[in-house]
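Each remark here refers to the structure printed beneath this line.
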Amino acid sequence: MLGYAVELELIASNPVDRVQWTAPEVAQSIDRRVVANPAQVATLLEAVISRQTCRQGHGVLRLPLLRGDATLGSGGPTADCDLAGRCAGCGADFDDLSAVKPSRSCDHEKIEHRWGRLVLAGTAPRAGSHWTDDGGSRERRGLKHRGRAETRAVPIPPRLVELLCAHVENHGVGSDGRFFRGLHGGPLSESVYDCWWKLAREKALTESQVASPLVCRPYDLRHAAASLWLNAGVPPTEVAQRLGHGVAVLLRVYANCIDGGDDTMNDKIGDALG
């Protein structure tokens with residue numbers, strides 16, 4: 001604000017430049033205590049499933065799954081989905097399982113789900129109606145650190161493809177193509193899935209884990225995915241591409257060991273020393 005005032009010649013110089021105090025350093029890496037291991041994530045998602053009592057709850061399940069497997073950012077990118085699979089009966093390949101219909105030669109009843117893909121094209125972070133140009137609660141923007149028309153493709157594993165297909169079959173999509181929506185068809189409220197997530201943590205985790213910062217937010221599943229991929233030996237360049245970050249940011253921020261991974265690392269170092 002002060003810099004803009006100088007630019008408009010309302011003041012001669014920025015008085016903040018004369019202040020010698022500097023802000024204390026802030027940790028740039030993710031707190032490893034928030035990162036869950038795959039077993040913990042699976043238990044949490046099962047807890048979410050067990051609490052589904054309405055259509056809205058079913059949508060909540062998919063959002064954490066996407067945060068863990070597709071590593072969506074906090075802005076909730078709008079995505080085109082390639083839900084791929086193969087018919088185990090006739091061997092036919094399908095790029096979009098949601099549109100598969102029985103044919104004369106095969107009913108396509110038994111489907112083997114394969115790796116699919118999400119094409120992320122934009123974000124719609126909640127900013128509040130006072131801060132958006134159109135008075136809506138969300139601001140539509142391009143992907144972070146990318147040009148306005150750029151997209152990002154993220155592979156998704158067969159299990160997630162299967163769950164998304166089941167979601168479309170049971171609940172369909174919104175009039176605007178939205179997968180996850182509230183009871184009235186609009187965007188799914190953050191407060192709704194945050195409440196479901198807290199209930200799932202209480203059911204799936206131990207008392208000490210609930211009191212800890214372990215996967216307090218669905219967004220923490222993104223950190224778990226990054227750590228898992230790195231520990232699995234996926235090249236940092238590929239992990240960074242899937243996360244939508246540069247390699248330097250990845251190694252500085254996301255390269256934390258998953259919870260309980262110390263023993264594995266210690267064994268590797270011990271084997272090397274032996």
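We name chains A, B, ... following the order of the structure tokens; residues begin at 1 in each chain, and ligands are numbered from 1 as shown.
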
Find the residues of range 71-168 of chain A that sit at most 12 Å from range 227-240 of chain A; for each, write down the nearest two atoms and how far apart they are in Å, to one decimal. Count only C-alpha atoms. Sort by chain, then by number going up, and give it as CSV.
residue,atom,partner,partner_atom,distance
A:Thr71,CA,A:Val239,CA,10.4
A:Arg152,CA,A:Ala240,CA,11.6
A:Ala153,CA,A:Glu238,CA,11.7
A:Val154,CA,A:Val239,CA,10.2
A:Pro155,CA,A:Glu238,CA,11.0

Note to self: For the structure I just gave you, how does DSSP split range 6-172 of chain A - specifically, which residues are strand (DSSP E or B)? Reply as JSON, numbers by chain.
What the structure shows: {"A": [78, 79, 80, 81, 82, 85, 86, 87, 93, 94, 111, 112, 113, 116, 117, 118, 119, 120, 121, 122, 123, 126, 138, 141, 152, 153, 154, 155, 156]}

Would you put the residues from that selection into a file with N, CA, C and O atoms, as a short mmCIF file (atom, residue, chain, number, x, y, z; two decimals), in the first residue's frame?
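Written file, selection.cif:
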data_model
loop_
_atom_site.label_atom_id
_atom_site.label_comp_id
_atom_site.auth_asym_id
_atom_site.auth_seq_id
_atom_site.Cartn_x
_atom_site.Cartn_y
_atom_site.Cartn_z
N THR A 78 -10.97 -27.14 -10.83
CA THR A 78 -11.95 -27.81 -11.66
C THR A 78 -11.19 -28.75 -12.59
O THR A 78 -10.12 -28.42 -13.08
N ALA A 79 -11.71 -29.95 -12.83
CA ALA A 79 -10.92 -30.97 -13.51
C ALA A 79 -11.73 -31.71 -14.55
O ALA A 79 -12.94 -31.89 -14.42
N ASP A 80 -11.06 -32.13 -15.60
CA ASP A 80 -11.59 -33.09 -16.56
C ASP A 80 -11.02 -34.44 -16.17
O ASP A 80 -9.83 -34.58 -15.92
N CYS A 81 -11.87 -35.46 -16.13
CA CYS A 81 -11.46 -36.77 -15.64
C CYS A 81 -11.40 -37.77 -16.78
O CYS A 81 -12.36 -37.88 -17.55
N ASP A 82 -10.30 -38.48 -16.87
CA ASP A 82 -10.19 -39.64 -17.76
C ASP A 82 -10.21 -40.87 -16.87
O ASP A 82 -9.23 -41.18 -16.20
N GLY A 85 -10.34 -47.94 -18.11
CA GLY A 85 -10.49 -49.32 -17.66
C GLY A 85 -10.56 -50.26 -18.84
O GLY A 85 -10.54 -49.85 -20.00
N ARG A 86 -10.64 -51.54 -18.53
CA ARG A 86 -10.71 -52.58 -19.56
C ARG A 86 -11.76 -53.62 -19.16
O ARG A 86 -11.87 -53.98 -17.98
N CYS A 87 -12.52 -54.07 -20.13
CA CYS A 87 -13.51 -55.11 -19.88
C CYS A 87 -12.79 -56.45 -19.75
O CYS A 87 -12.06 -56.86 -20.67
N ASP A 93 -10.88 -51.75 -24.37
CA ASP A 93 -10.34 -50.67 -23.56
C ASP A 93 -11.28 -49.48 -23.62
O ASP A 93 -11.84 -49.14 -24.68
N PHE A 94 -11.42 -48.80 -22.48
CA PHE A 94 -12.29 -47.63 -22.40
C PHE A 94 -11.53 -46.48 -21.76
O PHE A 94 -10.86 -46.65 -20.75
N ILE A 111 -15.31 -54.96 -14.99
CA ILE A 111 -14.37 -53.96 -15.46
C ILE A 111 -13.11 -53.97 -14.60
O ILE A 111 -13.18 -54.00 -13.37
N GLU A 112 -11.97 -53.98 -15.25
CA GLU A 112 -10.69 -53.82 -14.56
C GLU A 112 -10.28 -52.35 -14.67
O GLU A 112 -10.02 -51.85 -15.75
N HIS A 113 -10.29 -51.66 -13.55
CA HIS A 113 -9.96 -50.24 -13.55
C HIS A 113 -8.46 -50.05 -13.74
O HIS A 113 -7.65 -50.79 -13.18
N GLY A 116 -5.98 -43.64 -14.41
CA GLY A 116 -6.68 -42.58 -15.11
C GLY A 116 -5.91 -41.27 -15.04
O GLY A 116 -4.71 -41.26 -14.72
N ARG A 117 -6.60 -40.18 -15.28
CA ARG A 117 -5.92 -38.89 -15.30
C ARG A 117 -6.92 -37.77 -14.99
O ARG A 117 -8.07 -37.81 -15.41
N LEU A 118 -6.45 -36.81 -14.24
CA LEU A 118 -7.18 -35.57 -14.02
C LEU A 118 -6.46 -34.46 -14.77
O LEU A 118 -5.24 -34.34 -14.66
N VAL A 119 -7.19 -33.67 -15.50
CA VAL A 119 -6.62 -32.50 -16.17
C VAL A 119 -7.14 -31.27 -15.43
O VAL A 119 -8.31 -30.91 -15.54
N LEU A 120 -6.27 -30.65 -14.68
CA LEU A 120 -6.64 -29.49 -13.86
C LEU A 120 -6.51 -28.23 -14.70
O LEU A 120 -5.48 -27.98 -15.31
N ALA A 121 -7.58 -27.43 -14.72
CA ALA A 121 -7.62 -26.27 -15.60
C ALA A 121 -7.76 -24.95 -14.88
O ALA A 121 -7.55 -23.89 -15.47
N GLY A 122 -8.11 -24.94 -13.61
CA GLY A 122 -8.30 -23.69 -12.90
C GLY A 122 -8.61 -23.92 -11.45
O GLY A 122 -8.78 -25.06 -10.99
N THR A 123 -8.67 -22.86 -10.68
CA THR A 123 -8.98 -22.93 -9.27
C THR A 123 -10.14 -21.99 -8.96
O THR A 123 -10.43 -21.06 -9.71
N ARG A 126 -12.02 -19.85 -2.08
CA ARG A 126 -13.02 -19.02 -1.39
C ARG A 126 -12.34 -17.77 -0.86
O ARG A 126 -11.41 -17.83 -0.05
N ARG A 138 -16.53 -17.17 -4.24
CA ARG A 138 -15.31 -17.76 -4.80
C ARG A 138 -14.80 -16.95 -5.98
O ARG A 138 -15.56 -16.34 -6.71
N ARG A 141 -9.81 -18.53 -10.88
CA ARG A 141 -8.46 -18.14 -11.30
C ARG A 141 -7.82 -19.27 -12.06
O ARG A 141 -8.31 -20.40 -12.08
N ARG A 152 -2.77 -28.73 -15.99
CA ARG A 152 -1.84 -29.67 -15.35
C ARG A 152 -2.49 -31.04 -15.31
O ARG A 152 -3.60 -31.18 -14.79
N ALA A 153 -1.83 -32.03 -15.86
CA ALA A 153 -2.34 -33.39 -15.88
C ALA A 153 -1.77 -34.18 -14.70
O ALA A 153 -0.55 -34.15 -14.48
N VAL A 154 -2.63 -34.86 -13.96
CA VAL A 154 -2.21 -35.63 -12.80
C VAL A 154 -2.75 -37.06 -12.93
O VAL A 154 -3.96 -37.27 -12.97
N PRO A 155 -1.87 -38.07 -13.02
CA PRO A 155 -2.34 -39.46 -13.06
C PRO A 155 -3.01 -39.85 -11.74
O PRO A 155 -2.60 -39.40 -10.67
N ILE A 156 -4.04 -40.67 -11.81
CA ILE A 156 -4.72 -41.15 -10.61
C ILE A 156 -4.76 -42.67 -10.65
O ILE A 156 -4.95 -43.27 -11.70
#

task: Tell me which of A:Leu97, A:Leu243, A:Val6, A:Val41 sits closest to Cys165 in chain A, counting only C-alpha atoms.
output: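 Comparing A:Leu97, A:Leu243, A:Val6, A:Val41 against Cys165 in chain A, the winner is A:Leu97.
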
Using only C-alpha atoms, the shortest atom-to-atom distance to Ser98 in chain A among A:Ala5, A:Val168, A:Leu214, A:Val34 belongs to A:Val168

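Here CA of Ala92 in chain A is placed at a distance of 26.1 Å from CA of Phe179 in chain A.
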
Exercise. Can you list, as an NGL selection string, all residues belonging to range 62-269 of chain A that DSSP tags as helix (DSSP H, G or I)?
Key: :A and (62-69 or 97-99 or 129-131 or 158-171 or 190-204 or 207-211 or 220-231 or 236-243 or 247-254 or 262-269)

Between A:Leu199, A:Ile11, A:Ala84, A:Ile49, smallest distance to Val100 in chain A by only C-alpha atoms belongs to A:Ala84
